[in-house]
Amino acid sequence: MNTYYTFTVPLFTKVLRALDGLLSKAEASGKDEASLLDARLAPDMFPFKKQVQIACDNAKGVSSRLADVENPSHEDNEETFADLHARIAKTLAFISSIPESSFEGAAERQITLPYFPGKYMTGKDYLEQYALANFFFHVTTAYGILRKEGIEIGKADFTGGMPLRDL
C-alpha cells in the first residue's frame with residue numbers, strides 16, 4: 001500500500017465523515033442555523049461554515065497535489081447545513097475517485113501553492129510539515145466552535161470508532 005495514499009484519502013475520508021456527523025448534531029440541536037454557521041471562536045477567525053469549506057478544500061487539494069491530478073474548484077457559497085453536507089459529500093466523492101497508483105512518487109513531487117509564488121515543497125515535506133496539521137486545525141476549530149455554541153458533542157464524535165481487534 002502506498003503510504004502517501006494511506007495518510008491522505010482514507011484519513012481524510014474518516015475525518016470528513018466525522019465532521020459530517022458533527023454537522024448533523026448541530027442541525028439536530030434546534031439552535032438557529034444561521035447563528036451556528038456564522039459562529040466563530042474569536043473575532044479574527046473564520047466562522048464555522050468557512051472552517052468546513054477549508055477542511056474540504058484541504059482534503060481535495062492535498063490529495064490532488066500529491067497524486068498529481070487536477071484539483072476541482074468548489075465555490076464557497078454554502079449557506080445552510082444541507083449545503084455543507086453536500087460540500088462534504090462532493091469532496092468525499094472526489095478523493096475516493098483518485099487511484100492509489102496516482103500517489104506513486106508523491107514524496108519527491110514538487111508541490112507549489114498559489115500563496116507562496118516561486119517556492120515549492122517536496123511532497124514529503126508538504127504532507128508532514130504543513131498539510132495534515134492545516135487540515136486538522138480547521139476540523140478541530142469547527143469542533144471547538146460547535147462546543148462553544150453548546151452543541152452536545154464529545155471526543156468520540158471527533159475521533160470516530162477505533163478499529164480494535166481481539167488479541
# chains A, B, ... in the order shown; residues from 1 in each chain; ligands from 1
>>> select_by_dssp(residues="segment 49-108 of chain A", states="helix (DSSP H, G or I)", output="MDAnalysis selection string")
chainID A and resid 49:67 81:96 100:103
>>> residues_around(residues="Ala142 of chain A", least_positions_apart="2", cutoff="10 Å", atoms="only C-alpha atoms", output="list of chain:residue names")
A:Leu19, A:Leu22, A:Leu23, A:Leu37, A:Ala39, A:Arg40, A:Leu41, A:Phe46, A:Pro47, A:Phe48, A:Lys49, A:Lys50, A:Gln51, A:Val52, A:Ala55, A:Phe136, A:Phe137, A:His138, A:Val139, A:Thr140, A:Gly144, A:Ile145, A:Leu146, A:Arg147, A:Lys148
>>> write_last_selection(atoms="C-alpha atoms", output="PDB file, in the first residue's frame")
ATOM      1  CA  LEU A  19     -17.157  16.327  10.520  1.00  0.00           C
ATOM      2  CA  LEU A  22     -20.771  16.926  13.884  1.00  0.00           C
ATOM      3  CA  LEU A  23     -22.743  18.942  11.364  1.00  0.00           C
ATOM      4  CA  LEU A  37     -22.911  28.705  10.613  1.00  0.00           C
ATOM      5  CA  ALA A  39     -20.233  31.412  14.847  1.00  0.00           C
ATOM      6  CA  ARG A  40     -16.513  31.941  15.497  1.00  0.00           C
ATOM      7  CA  LEU A  41     -14.058  31.151  18.267  1.00  0.00           C
ATOM      8  CA  PHE A  46     -13.196  32.295  10.208  1.00  0.00           C
ATOM      9  CA  PRO A  47     -16.772  31.217  11.027  1.00  0.00           C
ATOM     10  CA  PHE A  48     -17.906  27.601  11.295  1.00  0.00           C
ATOM     11  CA  LYS A  49     -19.074  27.338   7.675  1.00  0.00           C
ATOM     12  CA  LYS A  50     -15.691  28.572   6.403  1.00  0.00           C
ATOM     13  CA  GLN A  51     -13.867  26.047   8.615  1.00  0.00           C
ATOM     14  CA  VAL A  52     -15.869  23.251   6.949  1.00  0.00           C
ATOM     15  CA  ALA A  55     -11.307  21.393   5.618  1.00  0.00           C
ATOM     16  CA  PHE A 136      -6.722  19.069  11.428  1.00  0.00           C
ATOM     17  CA  PHE A 137      -6.549  22.721  12.521  1.00  0.00           C
ATOM     18  CA  HIS A 138      -9.701  23.554  10.566  1.00  0.00           C
ATOM     19  CA  VAL A 139     -11.610  20.418  11.593  1.00  0.00           C
ATOM     20  CA  THR A 140     -10.660  20.949  15.244  1.00  0.00           C
ATOM     21  CA  GLY A 144     -14.452  23.888  19.012  1.00  0.00           C
ATOM     22  CA  ILE A 145     -16.961  26.351  17.582  1.00  0.00           C
ATOM     23  CA  LEU A 146     -19.793  23.860  17.980  1.00  0.00           C
ATOM     24  CA  ARG A 147     -18.735  23.095  21.564  1.00  0.00           C
ATOM     25  CA  LYS A 148     -18.590  26.812  22.337  1.00  0.00           C
TER      26      LYS A 148
END
>>> residues_around(residues="Ala26 of chain A", least_positions_apart="5", cutoff="10 Å", atoms="only C-alpha atoms", output="JSON, numbers by chain")
{"A": [20, 21, 31, 32, 33, 36, 37, 81, 146, 147, 149, 150, 151, 152, 153]}
>>> write_last_selection(atoms="C-alpha atoms", output="tab-separated table (two decimals), in the first residue's frame")
chain	number	residue	atom	x	y	z
A	20	ASP	CA	-20.37	15.49	8.68
A	21	GLY	CA	-21.60	13.80	11.86
A	31	LYS	CA	-30.31	26.04	17.51
A	32	ASP	CA	-30.54	28.81	14.93
A	33	GLU	CA	-28.86	27.59	11.75
A	36	LEU	CA	-24.25	28.39	14.15
A	37	LEU	CA	-22.91	28.71	10.61
A	81	PHE	CA	-26.45	22.77	6.86
A	146	LEU	CA	-19.79	23.86	17.98
A	147	ARG	CA	-18.73	23.10	21.56
A	149	GLU	CA	-22.11	27.15	20.93
A	150	GLY	CA	-23.40	24.45	23.27
A	151	ILE	CA	-23.76	21.58	20.82
A	152	GLU	CA	-23.59	18.28	22.71
A	153	ILE	CA	-20.60	16.62	21.09
>>> select_by_dssp(residues="segment 3-152 of chain A", states="strand (DSSP E)", output="list in words")
Gln110, Ile111, Met121 and Thr122 of chain A
>>> residues_around(residues="segment 161-165 of chain A", least_positions_apart="6", cutoff="12 Å", atoms="only C-alpha atoms", output="ChimeraX atom specification")
/A:14-15,17-18,155
>>> residues_around(residues="Cys56 of chain A", least_positions_apart="6", cutoff="12 Å", atoms="only C-alpha atoms", output="ChimeraX atom specification")
/A:9,12-13,15-17,19-20,49-50,62-63,71-76,84-95,134-136,138-139,142
>>> closest_residue(among="A:Ala133, A:Ala34, A:Ala156, A:Ile111", to="Ser64 of chain A", atoms="only C-alpha atoms")
A:Ile111
>>> residues_around(residues="Asp125 of chain A", least_positions_apart="2", cutoff="12 Å", atoms="only C-alpha atoms", output="PyMOL selection string")
chain A and resi 4+66+106-112+120-123+127-133
>>> atom_distance(atom1="atom CA of Ser96 of chain A", atom2="atom CA of Thr6 of chain A")
11.9 Å
>>> closest_residue(among="A:Pro99, A:Ala42, A:Asp166, A:Ala82", to="Val69 of chain A", atoms="only C-alpha atoms")
A:Pro99
>>> decode(residues="segment 18-147 of chain A", atoms="C-alpha atoms", output="JSON list (two decimals), in the first residue's frame")
[["chain", "number", "residue", "atom", "x", "y", "z"],
["A", 18, "ALA", "CA", -16.84, 12.64, 11.46],
["A", 19, "LEU", "CA", -17.16, 16.33, 10.52],
["A", 20, "ASP", "CA", -20.37, 15.49, 8.68],
["A", 21, "GLY", "CA", -21.60, 13.80, 11.86],
["A", 22, "LEU", "CA", -20.77, 16.93, 13.88],
["A", 23, "LEU", "CA", -22.74, 18.94, 11.36],
["A", 24, "SER", "CA", -25.71, 16.57, 11.79],
["A", 25, "LYS", "CA", -25.60, 17.03, 15.56],
["A", 26, "ALA", "CA", -25.55, 20.81, 15.13],
["A", 27, "GLU", "CA", -28.51, 20.52, 12.78],
["A", 28, "ALA", "CA", -30.44, 18.32, 15.24],
["A", 29, "SER", "CA", -29.78, 20.69, 18.15],
["A", 30, "GLY", "CA", -32.60, 23.02, 17.17],
["A", 31, "LYS", "CA", -30.31, 26.04, 17.51],
["A", 32, "ASP", "CA", -30.54, 28.81, 14.93],
["A", 33, "GLU", "CA", -28.86, 27.59, 11.75],
["A", 34, "ALA", "CA", -27.54, 30.97, 10.58],
["A", 35, "SER", "CA", -26.09, 31.73, 14.01],
["A", 36, "LEU", "CA", -24.25, 28.39, 14.15],
["A", 37, "LEU", "CA", -22.91, 28.71, 10.61],
["A", 38, "ASP", "CA", -21.58, 32.20, 11.35],
["A", 39, "ALA", "CA", -20.23, 31.41, 14.85],
["A", 40, "ARG", "CA", -16.51, 31.94, 15.50],
["A", 41, "LEU", "CA", -14.06, 31.15, 18.27],
["A", 42, "ALA", "CA", -12.63, 34.67, 18.09],
["A", 43, "PRO", "CA", -13.47, 37.78, 16.06],
["A", 44, "ASP", "CA", -10.39, 37.41, 13.84],
["A", 45, "MET", "CA", -11.08, 33.75, 12.99],
["A", 46, "PHE", "CA", -13.20, 32.29, 10.21],
["A", 47, "PRO", "CA", -16.77, 31.22, 11.03],
["A", 48, "PHE", "CA", -17.91, 27.60, 11.29],
["A", 49, "LYS", "CA", -19.07, 27.34, 7.67],
["A", 50, "LYS", "CA", -15.69, 28.57, 6.40],
["A", 51, "GLN", "CA", -13.87, 26.05, 8.61],
["A", 52, "VAL", "CA", -15.87, 23.25, 6.95],
["A", 53, "GLN", "CA", -15.18, 24.68, 3.48],
["A", 54, "ILE", "CA", -11.45, 24.92, 4.18],
["A", 55, "ALA", "CA", -11.31, 21.39, 5.62],
["A", 56, "CYS", "CA", -12.92, 20.12, 2.42],
["A", 57, "ASP", "CA", -10.58, 22.20, 0.26],
["A", 58, "ASN", "CA", -7.61, 20.82, 2.19],
["A", 59, "ALA", "CA", -8.70, 17.21, 1.72],
["A", 60, "LYS", "CA", -9.17, 17.59, -2.04],
["A", 61, "GLY", "CA", -6.19, 19.90, -2.52],
["A", 62, "VAL", "CA", -3.69, 17.81, -0.61],
["A", 63, "SER", "CA", -4.87, 14.60, -2.26],
["A", 64, "SER", "CA", -4.82, 16.08, -5.76],
["A", 65, "ARG", "CA", -1.40, 17.71, -5.36],
["A", 66, "LEU", "CA", 0.22, 14.54, -4.02],
["A", 67, "ALA", "CA", -1.48, 12.38, -6.68],
["A", 68, "ASP", "CA", -0.72, 14.91, -9.42],
["A", 69, "VAL", "CA", -4.34, 15.11, -10.58],
["A", 70, "GLU", "CA", -6.47, 18.16, -11.27],
["A", 71, "ASN", "CA", -7.92, 19.78, -8.15],
["A", 72, "PRO", "CA", -11.57, 20.69, -8.80],
["A", 73, "SER", "CA", -12.69, 24.15, -7.77],
["A", 74, "HIS", "CA", -15.62, 24.34, -5.36],
["A", 75, "GLU", "CA", -17.22, 27.74, -4.83],
["A", 76, "ASP", "CA", -17.57, 28.82, -1.20],
["A", 77, "ASN", "CA", -21.28, 29.55, -1.44],
["A", 78, "GLU", "CA", -22.72, 27.26, 1.24],
["A", 79, "GLU", "CA", -25.32, 28.97, 3.44],
["A", 80, "THR", "CA", -27.16, 26.04, 5.07],
["A", 81, "PHE", "CA", -26.45, 22.77, 6.86],
["A", 82, "ALA", "CA", -27.69, 20.96, 3.74],
["A", 83, "ASP", "CA", -25.22, 22.91, 1.60],
["A", 84, "LEU", "CA", -22.33, 21.91, 3.89],
["A", 85, "HIS", "CA", -23.41, 18.26, 3.90],
["A", 86, "ALA", "CA", -23.36, 18.42, 0.09],
["A", 87, "ARG", "CA", -19.90, 20.03, 0.11],
["A", 88, "ILE", "CA", -18.54, 17.23, 2.27],
["A", 89, "ALA", "CA", -20.20, 14.59, 0.07],
["A", 90, "LYS", "CA", -18.77, 16.20, -3.09],
["A", 91, "THR", "CA", -15.30, 16.22, -1.52],
["A", 92, "LEU", "CA", -15.58, 12.58, -0.42],
["A", 93, "ALA", "CA", -16.69, 11.57, -3.92],
["A", 94, "PHE", "CA", -13.70, 13.34, -5.47],
["A", 95, "ILE", "CA", -10.99, 11.99, -3.18],
["A", 96, "SER", "CA", -12.38, 8.45, -3.42],
["A", 97, "SER", "CA", -12.07, 8.66, -7.21],
["A", 98, "ILE", "CA", -8.28, 9.16, -7.09],
["A", 99, "PRO", "CA", -6.50, 5.88, -7.84],
["A", 100, "GLU", "CA", -3.98, 4.79, -5.24],
["A", 101, "SER", "CA", -1.42, 4.33, -8.01],
["A", 102, "SER", "CA", -1.52, 8.10, -8.67],
["A", 103, "PHE", "CA", 0.34, 8.64, -5.40],
["A", 104, "GLU", "CA", 3.48, 6.87, -6.68],
["A", 105, "GLY", "CA", 6.37, 9.32, -6.47],
["A", 106, "ALA", "CA", 4.45, 11.69, -4.18],
["A", 107, "ALA", "CA", 7.34, 12.06, -1.72],
["A", 108, "GLU", "CA", 9.60, 13.68, -4.32],
["A", 109, "ARG", "CA", 6.91, 15.60, -6.19],
["A", 110, "GLN", "CA", 7.35, 19.39, -6.22],
["A", 111, "ILE", "CA", 4.32, 20.89, -4.52],
["A", 112, "THR", "CA", 3.59, 24.53, -5.26],
["A", 113, "LEU", "CA", 0.97, 26.64, -3.53],
["A", 114, "PRO", "CA", -0.53, 29.79, -5.04],
["A", 115, "TYR", "CA", 0.11, 31.84, -1.90],
["A", 116, "PHE", "CA", 3.88, 31.12, -1.97],
["A", 117, "PRO", "CA", 4.88, 32.14, -5.52],
["A", 118, "GLY", "CA", 8.29, 30.98, -6.66],
["A", 119, "LYS", "CA", 8.54, 28.39, -3.85],
["A", 120, "TYR", "CA", 7.89, 24.68, -3.58],
["A", 121, "MET", "CA", 8.00, 21.87, -1.04],
["A", 122, "THR", "CA", 8.61, 18.20, -1.64],
["A", 123, "GLY", "CA", 5.52, 16.06, -1.24],
["A", 124, "LYS", "CA", 7.10, 14.59, 1.89],
["A", 125, "ASP", "CA", 7.65, 17.99, 3.49],
["A", 126, "TYR", "CA", 4.25, 19.24, 2.36],
["A", 127, "LEU", "CA", 2.37, 16.35, 3.94],
["A", 128, "GLU", "CA", 4.47, 16.07, 7.12],
["A", 129, "GLN", "CA", 5.16, 19.73, 7.85],
["A", 130, "TYR", "CA", 2.05, 21.54, 6.65],
["A", 131, "ALA", "CA", -0.87, 19.73, 5.05],
["A", 132, "LEU", "CA", -2.00, 17.36, 7.80],
["A", 133, "ALA", "CA", -1.62, 19.99, 10.52],
["A", 134, "ASN", "CA", -3.59, 22.52, 8.49],
["A", 135, "PHE", "CA", -6.40, 20.04, 7.77],
["A", 136, "PHE", "CA", -6.72, 19.07, 11.43],
["A", 137, "PHE", "CA", -6.55, 22.72, 12.52],
["A", 138, "HIS", "CA", -9.70, 23.55, 10.57],
["A", 139, "VAL", "CA", -11.61, 20.42, 11.59],
["A", 140, "THR", "CA", -10.66, 20.95, 15.24],
["A", 141, "THR", "CA", -11.66, 24.60, 15.03],
["A", 142, "ALA", "CA", -15.06, 23.61, 13.60],
["A", 143, "TYR", "CA", -15.46, 21.18, 16.52],
["A", 144, "GLY", "CA", -14.45, 23.89, 19.01],
["A", 145, "ILE", "CA", -16.96, 26.35, 17.58],
["A", 146, "LEU", "CA", -19.79, 23.86, 17.98],
["A", 147, "ARG", "CA", -18.73, 23.10, 21.56]]
